[in-house]
Amino acid sequence: MFDLDKEVARWRGKLRRFNCIRAERLDELEDHLRCRIEELQANGEAEASAFQTARQELRPQWKPESSKAMKLILGNAIMFAAAILATALILSNGDGQVAKTSIVIIVLIPLWFMSDLLLKKALRQ
């Protein structure tokens, strides 16, 4: 048997996992979803079918935020790749194992950690 509340919760969970939609925006989308479901049911459509239709109609409304998130992720990946390449070029001239380990510990790990934090913060705003 179709459980609308359970399906809406599952739908919200999928969108929340993208980490690119603010909670207020997600609440707004859920409200639009439920209103549209009510409209479709008032026109005689079954609950499950109304949910599927409303969900498909709302997809373009959250996709732009998803593409924004993808741009941020791509930019972050390019920045991190550039840092790795620069570090590799610097280290290719030296022979010291201590220097290589130090670069990894002092530069790359904190860079990864900070970029991850900044990316998560940016996606939640």
# chains A, B, ... in the order shown; residues from 1 in each chain; ligands from 1
>>> select_by_dssp(residues="segment 1-60 of chain A", states="alpha helix (DSSP H)", output="ChimeraX atom specification")
/A:4-17,23-42,47-60
>>> write_last_selection(atoms="C-alpha atoms", output="PDB file, in the first residue's frame")
ATOM      1  CA  LEU A   4       2.505   9.271   0.961  1.00  0.00           C
ATOM      2  CA  ASP A   5       4.304  10.519   4.071  1.00  0.00           C
ATOM      3  CA  LYS A   6       6.914   7.769   3.775  1.00  0.00           C
ATOM      4  CA  GLU A   7       7.484   8.510   0.083  1.00  0.00           C
ATOM      5  CA  VAL A   8       7.780  12.257   0.721  1.00  0.00           C
ATOM      6  CA  ALA A   9      10.310  11.553   3.503  1.00  0.00           C
ATOM      7  CA  ARG A  10      12.300   9.339   1.110  1.00  0.00           C
ATOM      8  CA  TRP A  11      12.160  12.065  -1.564  1.00  0.00           C
ATOM      9  CA  ARG A  12      13.420  14.658   0.964  1.00  0.00           C
ATOM     10  CA  GLY A  13      16.198  12.312   2.025  1.00  0.00           C
ATOM     11  CA  LYS A  14      17.428  11.935  -1.541  1.00  0.00           C
ATOM     12  CA  LEU A  15      17.500  15.684  -2.041  1.00  0.00           C
ATOM     13  CA  ARG A  16      19.182  16.261   1.315  1.00  0.00           C
ATOM     14  CA  ARG A  17      21.944  13.776   0.415  1.00  0.00           C
ATOM     15  CA  ALA A  23      16.650  23.352   4.609  1.00  0.00           C
ATOM     16  CA  GLU A  24      14.320  26.317   3.952  1.00  0.00           C
ATOM     17  CA  ARG A  25      14.331  25.588   0.229  1.00  0.00           C
ATOM     18  CA  LEU A  26      13.670  21.913   0.882  1.00  0.00           C
ATOM     19  CA  ASP A  27      10.690  22.812   3.096  1.00  0.00           C
ATOM     20  CA  GLU A  28       9.384  25.068   0.349  1.00  0.00           C
ATOM     21  CA  LEU A  29       9.745  22.323  -2.264  1.00  0.00           C
ATOM     22  CA  GLU A  30       7.931  19.852  -0.024  1.00  0.00           C
ATOM     23  CA  ASP A  31       5.075  22.336   0.400  1.00  0.00           C
ATOM     24  CA  HIS A  32       4.833  22.757  -3.382  1.00  0.00           C
ATOM     25  CA  LEU A  33       4.926  18.978  -3.796  1.00  0.00           C
ATOM     26  CA  ARG A  34       2.104  18.404  -1.331  1.00  0.00           C
ATOM     27  CA  CYS A  35      -0.034  21.199  -2.819  1.00  0.00           C
ATOM     28  CA  ARG A  36       0.400  19.782  -6.302  1.00  0.00           C
ATOM     29  CA  ILE A  37      -0.478  16.288  -5.068  1.00  0.00           C
ATOM     30  CA  GLU A  38      -3.694  17.663  -3.556  1.00  0.00           C
ATOM     31  CA  GLU A  39      -4.559  19.397  -6.843  1.00  0.00           C
ATOM     32  CA  LEU A  40      -3.977  16.235  -8.838  1.00  0.00           C
ATOM     33  CA  GLN A  41      -6.024  14.148  -6.408  1.00  0.00           C
ATOM     34  CA  ALA A  42      -8.843  16.690  -6.584  1.00  0.00           C
ATOM     35  CA  GLU A  47      -2.314   9.236  -4.647  1.00  0.00           C
ATOM     36  CA  ALA A  48       0.689   7.287  -5.943  1.00  0.00           C
ATOM     37  CA  SER A  49       0.284   8.615  -9.461  1.00  0.00           C
ATOM     38  CA  ALA A  50      -0.205  12.166  -8.163  1.00  0.00           C
ATOM     39  CA  PHE A  51       3.023  11.881  -6.153  1.00  0.00           C
ATOM     40  CA  GLN A  52       4.996  10.681  -9.192  1.00  0.00           C
ATOM     41  CA  THR A  53       3.582  13.438 -11.397  1.00  0.00           C
ATOM     42  CA  ALA A  54       4.195  16.180  -8.830  1.00  0.00           C
ATOM     43  CA  ARG A  55       7.713  14.943  -8.177  1.00  0.00           C
ATOM     44  CA  GLN A  56       8.534  15.031 -11.903  1.00  0.00           C
ATOM     45  CA  GLU A  57       7.076  18.529 -12.237  1.00  0.00           C
ATOM     46  CA  LEU A  58       9.228  19.845  -9.375  1.00  0.00           C
ATOM     47  CA  ARG A  59      12.492  18.420 -10.685  1.00  0.00           C
ATOM     48  CA  PRO A  60      13.461  21.520 -12.735  1.00  0.00           C
TER      49      PRO A  60
END
>>> residues_around(residues="segment 78-86 of chain A", least_positions_apart="4", cutoff="8 Å", atoms="only C-alpha atoms", output="MDAnalysis selection string")
chainID A and resid 74 90 108 111:112
>>> atom_distance(atom1="atom CA of Leu118 of chain A", atom2="atom CA of Ala88 of chain A")
24.0 Å
